[in-house]
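Dumped start-v6.cif below, it's mmCIF, C-alpha atoms:
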data_coords
#
loop_
_atom_site.label_atom_id
_atom_site.label_comp_id
_atom_site.auth_asym_id
_atom_site.auth_seq_id
_atom_site.Cartn_x
_atom_site.Cartn_y
_atom_site.Cartn_z
CA MET A 28 -12.30 10.48 -35.73
CA ASN A 29 -11.35 6.90 -36.48
CA SER A 30 -11.46 4.06 -33.98
CA ASN A 31 -7.70 4.12 -33.23
CA ASP A 32 -7.78 7.82 -32.42
CA SER A 33 -10.71 7.34 -30.11
CA LEU A 34 -8.99 4.46 -28.31
CA MET A 35 -5.81 6.47 -27.76
CA ALA A 36 -7.76 9.50 -26.54
CA TYR A 37 -9.95 7.37 -24.29
CA VAL A 38 -7.00 5.58 -22.68
CA LEU A 39 -5.22 8.90 -22.07
CA ARG A 40 -8.29 10.27 -20.32
CA LEU A 41 -8.39 7.24 -18.06
CA ALA A 42 -4.68 7.70 -17.39
CA ASP A 43 -4.94 11.43 -16.69
CA ASN A 44 -7.90 10.95 -14.34
CA ALA A 45 -5.97 8.36 -12.35
CA LEU A 46 -2.75 10.38 -12.27
CA ILE A 47 -4.28 13.73 -11.33
CA LEU A 48 -6.49 12.31 -8.60
CA GLY A 49 -3.56 10.22 -7.35
CA GLN A 50 -1.35 13.31 -7.27
CA ARG A 51 -3.93 15.26 -5.25
CA MET A 52 -4.05 12.38 -2.77
CA VAL A 53 -0.26 12.25 -2.62
CA GLU A 54 -0.33 15.90 -1.50
CA LEU A 55 -2.12 14.67 1.64
CA VAL A 56 0.43 12.01 2.52
CA ALA A 57 1.73 12.64 6.04
CA ALA A 58 -0.97 15.28 6.58
CA TYR A 59 -3.74 13.15 8.10
CA PRO A 60 -4.43 13.53 11.81
CA GLU A 61 -5.06 9.81 12.24
CA LEU A 62 -2.95 6.81 11.26
CA GLU A 63 -5.73 4.67 9.81
CA GLU A 64 -6.83 7.37 7.39
CA GLU A 65 -3.24 8.22 6.59
CA LEU A 66 -2.68 4.62 5.48
CA ALA A 67 -5.98 4.47 3.64
CA ASN A 68 -5.19 7.59 1.67
CA ALA A 69 -1.64 6.52 0.84
CA ASN A 70 -2.76 3.04 -0.23
CA PHE A 71 -5.56 4.41 -2.36
CA ALA A 72 -3.22 6.94 -3.97
CA LEU A 73 -0.87 4.09 -4.81
CA ASP A 74 -3.70 2.23 -6.53
CA TYR A 75 -4.39 5.28 -8.68
CA LEU A 76 -0.74 5.76 -9.61
CA GLY A 77 -0.49 2.06 -10.45
CA GLN A 78 -3.56 2.31 -12.67
CA ALA A 79 -2.18 5.46 -14.32
CA ARG A 80 1.03 3.60 -15.14
CA MET A 81 -0.86 0.77 -16.82
CA TYR A 82 -2.96 3.18 -18.89
CA TYR A 83 0.05 5.34 -19.88
CA SER A 84 2.09 2.29 -20.89
CA TYR A 85 -0.76 1.22 -23.11
CA ALA A 86 -1.10 4.73 -24.57
CA GLY A 87 2.63 4.63 -25.37
CA ASP A 88 2.22 1.28 -27.15
CA LEU A 89 -0.79 2.55 -29.10
CA GLU A 90 1.04 5.67 -30.18
CA GLY A 91 4.12 3.71 -31.17
CA MET A 92 6.47 6.69 -30.87
CA GLY A 93 8.40 5.32 -27.92
CA ARG A 94 6.90 7.61 -25.28
CA SER A 95 7.14 6.11 -21.80
CA GLU A 96 4.69 6.42 -18.92
CA ASP A 97 6.98 9.09 -17.40
CA ASP A 98 6.98 11.09 -20.64
CA PHE A 99 3.20 11.27 -20.52
CA ALA A 100 3.07 12.06 -16.82
CA PHE A 101 5.85 14.61 -16.55
CA LEU A 102 6.60 16.10 -19.93
CA ARG A 103 3.27 17.31 -21.24
CA ASP A 104 1.85 20.78 -20.88
CA GLU A 105 -1.29 21.80 -19.07
CA ASN A 106 -3.58 21.78 -22.11
CA GLU A 107 -2.55 18.24 -23.05
CA TYR A 108 -4.11 16.71 -19.93
CA ARG A 109 -7.62 15.37 -20.31
CA ASN A 110 -8.71 14.71 -16.74
CA PHE A 111 -12.04 15.79 -15.28
CA LEU A 112 -12.02 19.22 -13.62
CA LEU A 113 -13.47 17.60 -10.49
CA LEU A 114 -10.24 15.70 -9.87
CA GLU A 115 -7.88 18.66 -10.04
CA GLN A 116 -9.80 20.69 -7.45
CA PRO A 117 -7.71 21.42 -4.35
CA ASN A 118 -8.06 19.02 -1.46
CA GLY A 119 -9.76 21.54 0.83
CA HIS A 120 -10.81 20.01 4.15
CA PHE A 121 -11.33 16.31 4.82
CA GLY A 122 -15.02 16.50 3.87
CA ASP A 123 -14.11 18.03 0.51
CA SER A 124 -11.61 15.26 -0.23
CA ILE A 125 -14.02 12.50 0.76
CA THR A 126 -16.91 14.03 -1.19
CA LYS A 127 -14.76 14.36 -4.30
CA LEU A 128 -13.81 10.68 -4.01
CA VAL A 129 -17.37 9.48 -3.49
CA LEU A 130 -18.70 11.51 -6.44
CA PHE A 131 -15.90 10.36 -8.76
CA GLU A 132 -15.59 6.75 -7.66
CA SER A 133 -19.37 6.23 -7.89
CA TYR A 134 -18.86 7.11 -11.55
CA TYR A 135 -15.51 5.38 -12.09
CA LEU A 136 -16.74 2.05 -10.70
CA LEU A 137 -19.65 2.03 -13.17
CA GLN A 138 -17.27 3.04 -15.97
CA LEU A 139 -14.89 0.20 -15.08
CA GLU A 140 -17.72 -2.34 -14.86
CA ALA A 141 -18.64 -1.38 -18.42
CA LEU A 142 -15.01 -1.37 -19.62
CA VAL A 143 -14.47 -4.92 -18.37
CA ARG A 144 -16.92 -5.92 -21.11
CA CYS A 145 -15.49 -3.69 -23.87
CA SER A 146 -13.90 -5.25 -26.93
CA ASP A 147 -10.39 -3.88 -26.46
CA THR A 148 -8.59 -6.63 -24.58
CA ARG A 149 -5.99 -4.53 -22.82
CA VAL A 150 -8.44 -1.90 -21.59
CA ALA A 151 -10.71 -4.70 -20.37
CA GLU A 152 -7.81 -6.34 -18.52
CA ILE A 153 -6.71 -3.16 -16.78
CA ALA A 154 -10.34 -2.39 -15.92
CA ALA A 155 -10.81 -5.82 -14.36
CA ARG A 156 -7.83 -5.20 -12.09
CA ALA A 157 -8.85 -1.62 -11.24
CA GLU A 158 -12.52 -2.46 -10.62
CA LYS A 159 -11.70 -4.53 -7.55
CA GLU A 160 -9.61 -1.75 -6.08
CA ILE A 161 -12.15 1.01 -6.66
CA ARG A 162 -14.93 -1.09 -5.16
CA TYR A 163 -12.92 -1.26 -1.97
CA HIS A 164 -12.13 2.49 -2.02
CA LEU A 165 -15.77 3.38 -2.54
CA ARG A 166 -16.87 1.29 0.40
CA HIS A 167 -14.45 3.08 2.68
CA ASN A 168 -15.10 6.58 1.37
CA THR A 169 -18.89 6.14 1.41
CA GLN A 170 -18.76 5.16 5.07
CA TRP A 171 -16.94 8.40 5.78
CA LEU A 172 -19.37 10.59 3.89
CA VAL A 173 -22.25 8.99 5.79
CA ARG A 174 -20.42 9.49 9.07
CA LEU A 175 -19.73 13.14 8.32
CA GLY A 176 -23.19 13.95 6.98
CA ASP A 177 -24.99 12.09 9.74
CA GLY A 178 -22.54 13.27 12.39
CA THR A 179 -22.49 16.53 14.31
CA GLU A 180 -24.17 19.71 13.17
CA GLU A 181 -20.77 21.07 12.19
CA SER A 182 -19.69 18.01 10.18
CA HIS A 183 -23.11 17.86 8.55
CA ASP A 184 -22.97 21.49 7.44
CA ARG A 185 -19.44 21.23 6.17
CA ALA A 186 -20.16 18.00 4.25
CA GLN A 187 -23.23 19.64 2.70
CA GLY A 188 -21.01 22.55 1.71
CA SER A 189 -18.59 20.12 0.02
CA VAL A 190 -21.38 18.44 -1.94
CA ASP A 191 -22.81 21.80 -3.01
CA ALA A 192 -19.41 23.17 -4.04
CA LEU A 193 -18.29 20.11 -6.04
CA TRP A 194 -21.62 19.34 -7.69
CA ARG A 195 -20.99 21.70 -10.60
CA PHE A 196 -18.05 19.55 -11.68
CA THR A 197 -20.11 16.37 -12.03
CA GLY A 198 -21.86 17.29 -15.29
CA GLU A 199 -18.68 16.75 -17.28
CA LEU A 200 -18.54 13.10 -16.22
CA PHE A 201 -21.66 12.30 -18.21
CA ALA A 202 -21.43 14.64 -21.19
CA PRO A 203 -20.41 12.40 -24.10
CA ASP A 204 -18.24 13.91 -26.80
CA GLU A 205 -16.81 12.47 -30.00
CA VAL A 206 -14.20 10.38 -28.18
CA ASP A 207 -16.84 8.80 -25.94
CA ASN A 208 -19.23 8.22 -28.82
CA VAL A 209 -16.70 6.65 -31.17
CA PHE A 210 -15.22 4.55 -28.38
CA GLU A 211 -18.68 3.35 -27.40
CA ALA A 212 -19.60 2.47 -30.97
CA GLU A 213 -16.31 0.89 -32.02
CA PHE A 214 -15.28 -0.89 -28.83
CA ASP A 215 -18.57 -1.55 -27.12
CA GLY A 216 -17.63 1.10 -24.56
CA PRO A 217 -19.68 2.57 -21.70
CA ASP A 218 -23.06 4.12 -22.38
CA LEU A 219 -22.84 7.39 -20.45
CA PHE A 220 -26.59 7.90 -20.35
CA ARG A 221 -27.09 4.62 -18.57
CA ILE A 222 -24.15 5.28 -16.27
CA ARG A 223 -25.63 8.65 -15.37
CA GLU A 224 -28.96 7.08 -14.43
CA GLN A 225 -27.30 4.52 -12.22
CA TRP A 226 -24.91 7.08 -10.71
CA GLN A 227 -27.80 9.33 -9.75
CA LYS A 228 -29.57 6.46 -8.03
CA ASN A 229 -26.46 5.34 -6.17
CA VAL A 230 -25.37 8.82 -5.13
CA ALA A 231 -28.92 9.74 -4.07
CA ALA A 232 -28.98 6.68 -1.80
CA VAL A 233 -25.65 7.58 -0.19
CA LEU A 234 -26.65 11.21 0.32
CA GLN A 235 -29.95 10.16 1.82
CA GLU A 236 -28.21 7.89 4.29
CA ALA A 237 -25.83 10.75 5.08
CA THR A 238 -28.85 13.05 5.65
CA LEU A 239 -27.49 15.37 2.97
CA GLU A 240 -29.46 17.17 0.29
CA MET A 241 -28.79 16.23 -3.33
CA PRO A 242 -28.19 19.52 -5.17
CA GLU A 243 -30.18 20.35 -8.26
CA ASP A 244 -28.35 20.38 -11.57
CA HIS A 245 -27.69 24.00 -12.45
CA TRP A 246 -24.78 25.29 -14.49
CA MET A 247 -22.06 22.70 -14.91
CA ALA A 248 -18.37 23.44 -15.43
CA SER A 249 -16.65 21.53 -18.21
CA GLY A 250 -13.51 21.60 -20.32
CA GLY A 251 -11.19 19.11 -18.65
CA LYS A 252 -11.86 16.48 -21.31
CA GLU A 253 -10.69 18.99 -23.95
CA GLY A 254 -7.68 20.23 -21.97
CA ARG A 255 -9.21 23.46 -20.65
CA HIS A 256 -8.48 23.40 -16.95
CA THR A 257 -9.31 25.42 -13.86
CA GLU A 258 -6.74 27.81 -12.42
CA HIS A 259 -5.62 25.27 -9.81
CA PHE A 260 -4.27 22.85 -12.38
CA GLY A 261 -1.16 24.76 -13.46
CA PHE A 262 0.08 25.11 -9.90
CA MET A 263 -0.52 21.47 -9.27
CA ILE A 264 1.41 20.13 -12.25
CA ALA A 265 4.17 22.68 -11.73
CA GLU A 266 4.91 20.92 -8.47
CA MET A 267 4.35 17.45 -9.91
CA GLN A 268 6.67 18.05 -12.86
CA TYR A 269 9.29 20.06 -11.03
CA LEU A 270 11.96 17.37 -10.91
CA GLN A 271 11.73 16.38 -14.58
CA ARG A 272 11.65 20.02 -15.68
CA ALA A 273 14.63 20.99 -13.52
CA HIS A 274 16.67 17.86 -14.23
CA PRO A 275 15.47 16.51 -17.59
CA GLY A 276 15.87 12.76 -17.92
CA ALA A 277 16.55 12.16 -14.22
CA THR A 278 15.84 8.56 -13.26
CA TRP A 279 15.98 6.54 -10.06
CA MET B 4 22.93 -21.32 -27.60
CA VAL B 5 22.59 -23.10 -24.32
CA ALA B 6 20.69 -26.31 -24.68
CA LEU B 7 17.76 -26.06 -22.34
CA ALA B 8 17.51 -29.51 -20.87
CA ILE B 9 15.73 -27.99 -17.93
CA SER B 10 12.17 -28.87 -17.16
CA ARG B 11 9.32 -26.57 -16.27
CA GLU B 12 9.04 -28.41 -12.96
CA GLN B 13 12.67 -27.63 -12.17
CA ILE B 14 12.13 -23.94 -12.83
CA MET B 15 8.95 -23.90 -10.75
CA ALA B 16 10.91 -25.55 -7.93
CA TRP B 17 13.52 -22.80 -8.13
CA LEU B 18 10.75 -20.20 -8.00
CA ASP B 19 9.60 -21.81 -4.74
CA ASP B 20 12.69 -20.18 -3.24
CA VAL B 21 11.81 -16.67 -4.39
CA ALA B 22 10.24 -14.90 -1.42
CA ASP B 23 7.62 -12.17 -1.50
CA PRO B 24 9.50 -9.02 -0.41
CA GLU B 25 6.71 -7.81 1.85
CA ILE B 26 5.76 -11.15 3.43
CA PRO B 27 9.02 -13.09 3.18
CA VAL B 28 7.49 -16.19 4.72
CA LEU B 29 5.57 -16.65 1.45
CA ALA B 30 7.15 -17.78 -1.78
CA ILE B 31 5.81 -16.16 -4.92
CA THR B 32 4.48 -19.58 -5.91
CA ASP B 33 2.46 -19.68 -2.65
CA LEU B 34 0.89 -16.36 -3.60
CA GLY B 35 -0.26 -17.81 -6.90
CA ILE B 36 1.22 -15.01 -8.97
CA VAL B 37 3.36 -17.28 -11.14
CA ARG B 38 0.93 -17.97 -13.95
CA ASP B 39 3.08 -20.05 -16.24
CA VAL B 40 6.60 -20.93 -17.25
CA THR B 41 7.32 -21.75 -20.88
CA ILE B 42 10.60 -22.96 -22.28
CA GLN B 43 11.58 -22.42 -25.87
CA ASP B 44 14.79 -20.66 -26.92
CA ASP B 45 14.45 -18.69 -23.75
CA VAL B 46 12.51 -19.04 -20.56
CA VAL B 47 9.36 -16.97 -20.20
CA VAL B 48 7.94 -16.52 -16.72
CA GLU B 49 4.42 -15.12 -16.61
CA LEU B 50 3.65 -13.11 -13.49
CA THR B 51 0.48 -11.34 -12.39
CA PRO B 52 0.69 -8.22 -10.21
CA THR B 53 -1.39 -8.33 -7.04
CA TYR B 54 -2.49 -4.68 -6.78
CA SER B 55 -2.07 -2.04 -9.53
CA GLY B 56 0.19 0.07 -7.38
CA CYS B 57 1.93 -2.74 -5.52
CA PRO B 58 5.50 -1.51 -5.02
CA ALA B 59 6.66 -5.13 -4.76
CA THR B 60 5.86 -5.90 -8.41
CA GLU B 61 9.19 -4.73 -9.80
CA VAL B 62 11.15 -6.18 -6.88
CA ILE B 63 9.55 -9.57 -7.50
CA GLU B 64 10.35 -9.43 -11.20
CA GLN B 65 13.97 -8.64 -10.43
CA SER B 66 14.11 -11.41 -7.81
CA VAL B 67 12.87 -13.93 -10.37
CA LEU B 68 15.51 -12.83 -12.87
CA ASP B 69 18.23 -12.97 -10.20
CA ALA B 70 17.18 -16.43 -9.04
CA LEU B 71 17.08 -17.95 -12.52
CA HIS B 72 20.30 -16.24 -13.61
CA GLY B 73 21.82 -17.67 -10.43
CA HIS B 74 20.86 -21.14 -11.62
CA GLY B 75 22.64 -20.51 -14.90
CA LEU B 76 19.68 -19.58 -17.09
CA GLU B 77 20.79 -16.74 -19.33
CA ASN B 78 17.76 -15.79 -21.35
CA VAL B 79 14.86 -15.16 -19.07
CA THR B 80 11.93 -12.92 -19.95
CA ILE B 81 9.26 -11.77 -17.55
CA LYS B 82 5.82 -11.33 -19.00
CA ARG B 83 3.24 -9.37 -17.01
CA VAL B 84 -0.18 -10.94 -17.34
CA LEU B 85 -3.13 -8.82 -16.20
CA SER B 86 -6.01 -11.06 -17.05
CA PRO B 87 -7.69 -12.63 -15.24
CA PRO B 88 -6.81 -10.34 -12.34
CA TRP B 89 -5.13 -11.86 -9.32
CA THR B 90 -7.37 -12.84 -6.46
CA THR B 91 -6.51 -13.97 -2.95
CA ASP B 92 -8.25 -17.25 -3.86
CA TRP B 93 -5.05 -18.15 -5.70
CA ILE B 94 -3.01 -18.28 -2.51
CA THR B 95 -2.26 -21.98 -2.10
CA THR B 96 -3.28 -24.11 0.88
CA GLU B 97 0.37 -24.29 1.85
CA GLY B 98 0.61 -20.51 1.56
CA ARG B 99 -2.40 -20.09 3.85
CA GLU B 100 -0.82 -22.36 6.44
CA LYS B 101 2.43 -20.41 6.27
CA LEU B 102 0.56 -17.13 6.76
CA LEU B 103 -1.30 -18.51 9.77
CA LYS B 104 1.91 -19.76 11.38
CA TYR B 105 3.49 -16.38 10.73
CA GLY B 106 0.64 -14.69 12.63
CA ILE B 107 -1.31 -13.28 9.68
CA ALA B 108 -4.90 -14.42 9.30
CA PRO B 109 -5.21 -15.78 5.75
CA PRO B 110 -7.92 -14.40 3.47
CA ALA B 111 -11.25 -16.13 3.62
CA SER B 112 -11.87 -18.08 0.41
CA GLY B 113 -14.29 -16.94 -2.23
CA GLY B 114 -13.86 -13.20 -1.87
CA SER B 115 -16.98 -11.81 -3.49
CA LYS B 116 -17.73 -8.45 -4.98
CA ARG B 117 -20.34 -7.98 -2.31
CA GLU B 118 -17.76 -8.48 0.37
CA LEU B 119 -15.53 -5.81 -1.16
CA LEU B 120 -18.38 -3.33 -1.03
CA HIS B 121 -20.00 -4.34 2.25
CA GLY B 122 -17.33 -5.77 4.50
CA ASN B 123 -16.46 -9.18 5.76
CA ARG B 124 -17.53 -11.63 8.38
CA ASN B 125 -15.68 -12.65 11.52
CA ILE B 126 -12.03 -13.41 11.01
CA ALA B 127 -10.39 -16.08 13.17
CA CYS B 128 -7.47 -15.04 15.38
CA PRO B 129 -4.27 -16.74 14.16
CA GLN B 130 -3.12 -17.18 17.77
CA CYS B 131 -6.11 -18.71 19.55
CA THR B 132 -8.55 -19.34 16.63
CA SER B 133 -11.35 -17.37 18.33
CA VAL B 134 -13.69 -15.61 15.91
CA ASN B 135 -14.52 -13.02 18.54
CA THR B 136 -12.36 -10.43 16.82
CA SER B 137 -12.76 -6.84 15.72
CA VAL B 138 -11.31 -4.54 13.09
CA VAL B 139 -8.85 -1.98 14.39
CA SER B 140 -8.09 -0.52 11.00
CA GLU B 141 -9.11 -1.47 7.48
CA PHE B 142 -5.55 -0.57 6.51
CA GLY B 143 -2.33 -2.07 7.74
CA SER B 144 1.36 -2.13 6.99
CA THR B 145 0.73 -2.93 3.32
CA ALA B 146 -2.16 -2.39 0.92
CA CYS B 147 -3.13 -6.05 1.16
CA LYS B 148 -3.62 -6.24 4.93
CA ALA B 149 -6.04 -4.95 7.57
CA SER B 150 -5.38 -4.68 11.31
CA TYR B 151 -7.50 -6.71 13.74
CA LYS B 152 -7.50 -7.56 17.41
CA CYS B 153 -8.70 -10.65 19.18
CA ASN B 154 -11.24 -9.94 21.93
CA ASP B 155 -10.45 -13.23 23.70
CA CYS B 156 -6.65 -13.52 23.79
CA LEU B 157 -6.28 -9.75 23.23
CA GLU B 158 -3.51 -10.18 20.66
CA PRO B 159 -3.44 -7.75 17.74
CA PHE B 160 -3.01 -9.39 14.35
CA GLU B 161 -3.06 -8.68 10.65
CA TYR B 162 -5.61 -10.02 8.23
CA PHE B 163 -4.78 -10.60 4.58
CA LYS B 164 -7.73 -8.94 2.86
CA CYS B 165 -9.82 -10.73 0.28
CA ILE B 166 -9.76 -9.31 -3.18
#

Represent the supplied structure as structure tokens.
Amino acid sequence: MNSNDSLMAYVLRLADNALILGQRMVELVAAYPELEEELANANFALDYLGQARMYYSYAGDLEGMGRSEDDFAFLRDENEYRNFLLLEQPNGHFGDSITKLVLFESYYLLQLEALVRCSDTRVAEIAARAEKEIRYHLRHNTQWLVRLGDGTEESHDRAQGSVDALWRFTGELFAPDEVDNVFEAEFDGPDLFRIREQWQKNVAAVLQEATLEMPEDHWMASGGKEGRHTEHFGFMIAEMQYLQRAHPGATW
Amino acid sequence: MVALAISREQIMAWLDDVADPEIPVLAITDLGIVRDVTIQDDVVVELTPTYSGCPATEVIEQSVLDALHGHGLENVTIKRVLSPPWTTDWITTEGREKLLKYGIAPPASGGSKRELLHGNRNIACPQCTSVNTSVVSEFGSTACKASYKCNDCLEPFEYFKCI
């Protein structure tokens, strides 16, 4: 794999992560029982969709075939998406959604902090913008996980259930493959081993404050980075892509 | 080709009339998102988006084009500049005064990373200037604002968050 291929693949992964998580959050718009959280979720989803647009535009420029951000988002098939499996998991209950965000954003913030210093100017610029937003998300979502874990017996047990159920999707975040390795070497990209160490420390501290147990690492699910998705993914993108599939080329 | 005998200052002055679509009391120049204007064969206006997903970004770009076309400039290009990322520190002193008069507490200067992760100090009420205020919601009518209330004059108000 040469450096250009790794850059394109890396940017698409960033884009797909942002889009797929954003889409899951969009599914919750108008479903929250409380206005503050409704606004938080919608605003955060908007940040992710905005980031996805910047990454997809860049991927289109890198590819040079004239594909637009919409082409990437709406006209690819399931196995062409490279997002983490964690992000496509159904929303479940509120504790599941919050736990998913805390686990991912604790990783994504560290990834962005490293990308700000990478040698590809455009990735570094997008990362600098996104880093500020994710820092704010993480603050909010962490407060919720602590409140749920250290709340009532019921909220504690359900939050622990969320952590236990989602843990098996966290291994993929830190398992470097060729794309990660070439991107790291050629563009001074993130060192996933160091990110993993820091992530474990940060997440352990949050879980401790939330009086939740940190699960042990057993079998980890993976495949999202190669386009092998869980069963939930097809249903999700079927809804997301419905309009473009039914009315090809429709625009605002 | 139209001879461009128009100065950068003139164009910046015209941009002073382009309002932010979400907080119309602010001009886009007050927000600090106009990074530069260069004049060669055409006019290039460099703009920086505030938030990644800010729905106002495209509206603002169109408003800039409309305003300059309205002043007879034919060839105008908008360039989106991402780096360095926009910060609320770029809101001008005049912009902060306008916000305050409008009833929105302006962002405290020097928004730090720590503040983003750990929350902010007491925000002064735009009505009575008391700092005895509390957060009602970290999220308000737009991504850039939080909802507060004043514990002294009891007025609710919005706070323009630091980023």

Using all atoms listed in the file and a cut-off of 8 Å, which residues of chain A sit close to chain B? Please list them as JSON, numbers by chain.
{"A": [63, 66, 67, 70, 73, 74, 75, 76, 77, 78, 81, 152, 153, 155, 156, 157, 159, 160, 162, 163, 165, 166]}

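What the PyMOL selection byres ((chain B and resi 31) around 9) matches in the given file is Leu18, Asp19, Asp20, Val21, Ala22, Asp23, Leu29, Ala30, Thr32, Asp33, Leu34, Gly35, Ile36, Val37 and Ile63 of chain B.
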
Reference answer for the PyMOL selection byres ((chain A and resi 267) around 12), as a ChimeraX atom specification
/A:46-47,49-51,53-54,97,100-105,260-266,268-273

Same residues, C-alpha atoms, output as an mmCIF file, in the coordinates of the input:
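Printed below is result.cif as written:
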data_model
loop_
_atom_site.group_PDB
_atom_site.id
_atom_site.type_symbol
_atom_site.label_atom_id
_atom_site.label_comp_id
_atom_site.auth_asym_id
_atom_site.auth_seq_id
_atom_site.Cartn_x
_atom_site.Cartn_y
_atom_site.Cartn_z
ATOM 1 C CA LEU A 46 -2.750 10.380 -12.270
ATOM 2 C CA ILE A 47 -4.280 13.730 -11.330
ATOM 3 C CA GLY A 49 -3.560 10.220 -7.350
ATOM 4 C CA GLN A 50 -1.350 13.310 -7.270
ATOM 5 C CA ARG A 51 -3.930 15.260 -5.250
ATOM 6 C CA VAL A 53 -0.260 12.250 -2.620
ATOM 7 C CA GLU A 54 -0.330 15.900 -1.500
ATOM 8 C CA ASP A 97 6.980 9.090 -17.400
ATOM 9 C CA ALA A 100 3.070 12.060 -16.820
ATOM 10 C CA PHE A 101 5.850 14.610 -16.550
ATOM 11 C CA LEU A 102 6.600 16.100 -19.930
ATOM 12 C CA ARG A 103 3.270 17.310 -21.240
ATOM 13 C CA ASP A 104 1.850 20.780 -20.880
ATOM 14 C CA GLU A 105 -1.290 21.800 -19.070
ATOM 15 C CA PHE A 260 -4.270 22.850 -12.380
ATOM 16 C CA GLY A 261 -1.160 24.760 -13.460
ATOM 17 C CA PHE A 262 0.080 25.110 -9.900
ATOM 18 C CA MET A 263 -0.520 21.470 -9.270
ATOM 19 C CA ILE A 264 1.410 20.130 -12.250
ATOM 20 C CA ALA A 265 4.170 22.680 -11.730
ATOM 21 C CA GLU A 266 4.910 20.920 -8.470
ATOM 22 C CA GLN A 268 6.670 18.050 -12.860
ATOM 23 C CA TYR A 269 9.290 20.060 -11.030
ATOM 24 C CA LEU A 270 11.960 17.370 -10.910
ATOM 25 C CA GLN A 271 11.730 16.380 -14.580
ATOM 26 C CA ARG A 272 11.650 20.020 -15.680
ATOM 27 C CA ALA A 273 14.630 20.990 -13.520
#

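Run against this file, the PyMOL selection byres ((chain A and resi 230) around 10) gives back Val129, Leu130, Ser133, Tyr134, Thr169, Gln225, Trp226, Gln227, Lys228, Asn229, Ala231, Ala232, Val233, Leu234, Gln235, Glu236 and Met241 of chain A.
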
Mind checking which residues fall within 7 Å of A:Asn110, counting all atoms listed in the file, ignoring those fewer than 6 positions away in the same chain, and posting them as an MDAnalysis selection string?
chainID A and resid 40 43:44 251:252

Show me, as a list in words, the residues that have an atom within 12 Å of A:Met247 when counting only C-alpha atoms, minus same-chain residues fewer than 2 positions from it.
Leu112, Leu113, Asp191, Ala192, Leu193, Trp194, Arg195, Phe196, Thr197, Gly198, Glu199, Leu200, Phe201, Ala202, Pro242, Glu243, Asp244, His245, Ser249 and Gly250 of chain A

Write out as a PDB file with C-alpha atoms, in the coordinates of the input which residues come within 12 Å of A:Val206 when counting only C-alpha atoms, dropping same-chain ones fewer than 4 positions away.
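Now in around-v1.pdb:
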ATOM      1  CA  MET A  28     -12.300  10.480 -35.730  1.00  0.00           C
ATOM      2  CA  ASN A  29     -11.350   6.900 -36.480  1.00  0.00           C
ATOM      3  CA  SER A  30     -11.460   4.060 -33.980  1.00  0.00           C
ATOM      4  CA  ASN A  31      -7.700   4.120 -33.230  1.00  0.00           C
ATOM      5  CA  ASP A  32      -7.780   7.820 -32.420  1.00  0.00           C
ATOM      6  CA  SER A  33     -10.710   7.340 -30.110  1.00  0.00           C
ATOM      7  CA  LEU A  34      -8.990   4.460 -28.310  1.00  0.00           C
ATOM      8  CA  MET A  35      -5.810   6.470 -27.760  1.00  0.00           C
ATOM      9  CA  ALA A  36      -7.760   9.500 -26.540  1.00  0.00           C
ATOM     10  CA  TYR A  37      -9.950   7.370 -24.290  1.00  0.00           C
ATOM     11  CA  VAL A  38      -7.000   5.580 -22.680  1.00  0.00           C
ATOM     12  CA  LEU A  39      -5.220   8.900 -22.070  1.00  0.00           C
ATOM     13  CA  ARG A  40      -8.290  10.270 -20.320  1.00  0.00           C
ATOM     14  CA  ARG A 109      -7.620  15.370 -20.310  1.00  0.00           C
ATOM     15  CA  ALA A 202     -21.430  14.640 -21.190  1.00  0.00           C
ATOM     16  CA  PHE A 210     -15.220   4.550 -28.380  1.00  0.00           C
ATOM     17  CA  GLU A 211     -18.680   3.350 -27.400  1.00  0.00           C
ATOM     18  CA  ALA A 212     -19.600   2.470 -30.970  1.00  0.00           C
ATOM     19  CA  GLU A 213     -16.310   0.890 -32.020  1.00  0.00           C
ATOM     20  CA  PHE A 214     -15.280  -0.890 -28.830  1.00  0.00           C
ATOM     21  CA  GLY A 216     -17.630   1.100 -24.560  1.00  0.00           C
ATOM     22  CA  PRO A 217     -19.680   2.570 -21.700  1.00  0.00           C
ATOM     23  CA  LEU A 219     -22.840   7.390 -20.450  1.00  0.00           C
ATOM     24  CA  LYS A 252     -11.860  16.480 -21.310  1.00  0.00           C
ATOM     25  CA  GLU A 253     -10.690  18.990 -23.950  1.00  0.00           C
TER      26      GLU A 253
END

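Each of B:Ile14, B:Ala127, B:Cys165, B:Leu157 was checked against B:Leu71 using all atoms listed in the file; the smallest atom-to-atom distance is that of B:Ile14.
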
So that I can check the surroundings of B:Glu49, please list as an MDAnalysis selection string every protein, DNA and RNA residue that reaches within 8 Å of it, counting only C-alpha atoms and ignoring chain neighbours fewer than 5 positions away.
chainID B and resid 37:40 81:84

Calculated over all atoms listed in the file, which of the candidates A:Leu175, A:Glu224, A:Gly276, A:Arg149 has the smallest distance to A:Asp88?
A:Arg149

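Considering the residues A:Tyr135, A:Phe121, A:Tyr108, A:Phe220 and counting only C-alpha atoms, A:Glu61 has its shortest atom-to-atom contact with A:Phe121.
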
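Atom pair atom CA of A:Ala248 / atom CA of A:Pro117 has a distance of 15.5 Å (rounded to one decimal).
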
Selection near B:Tyr105, 8 Å with only C-alpha atoms, sequence-local residues under 3 positions removed, as number ranges by chain:
B: 28, 101-102

Deliver the residues from the most recent selection as a file, using C-alpha atoms, as a PDB file, keeping the file's coordinate frame.
ATOM      1  CA  VAL B  28       7.490 -16.190   4.720  1.00  0.00           C
ATOM      2  CA  LYS B 101       2.430 -20.410   6.270  1.00  0.00           C
ATOM      3  CA  LEU B 102       0.560 -17.130   6.760  1.00  0.00           C
TER       4      LEU B 102
END
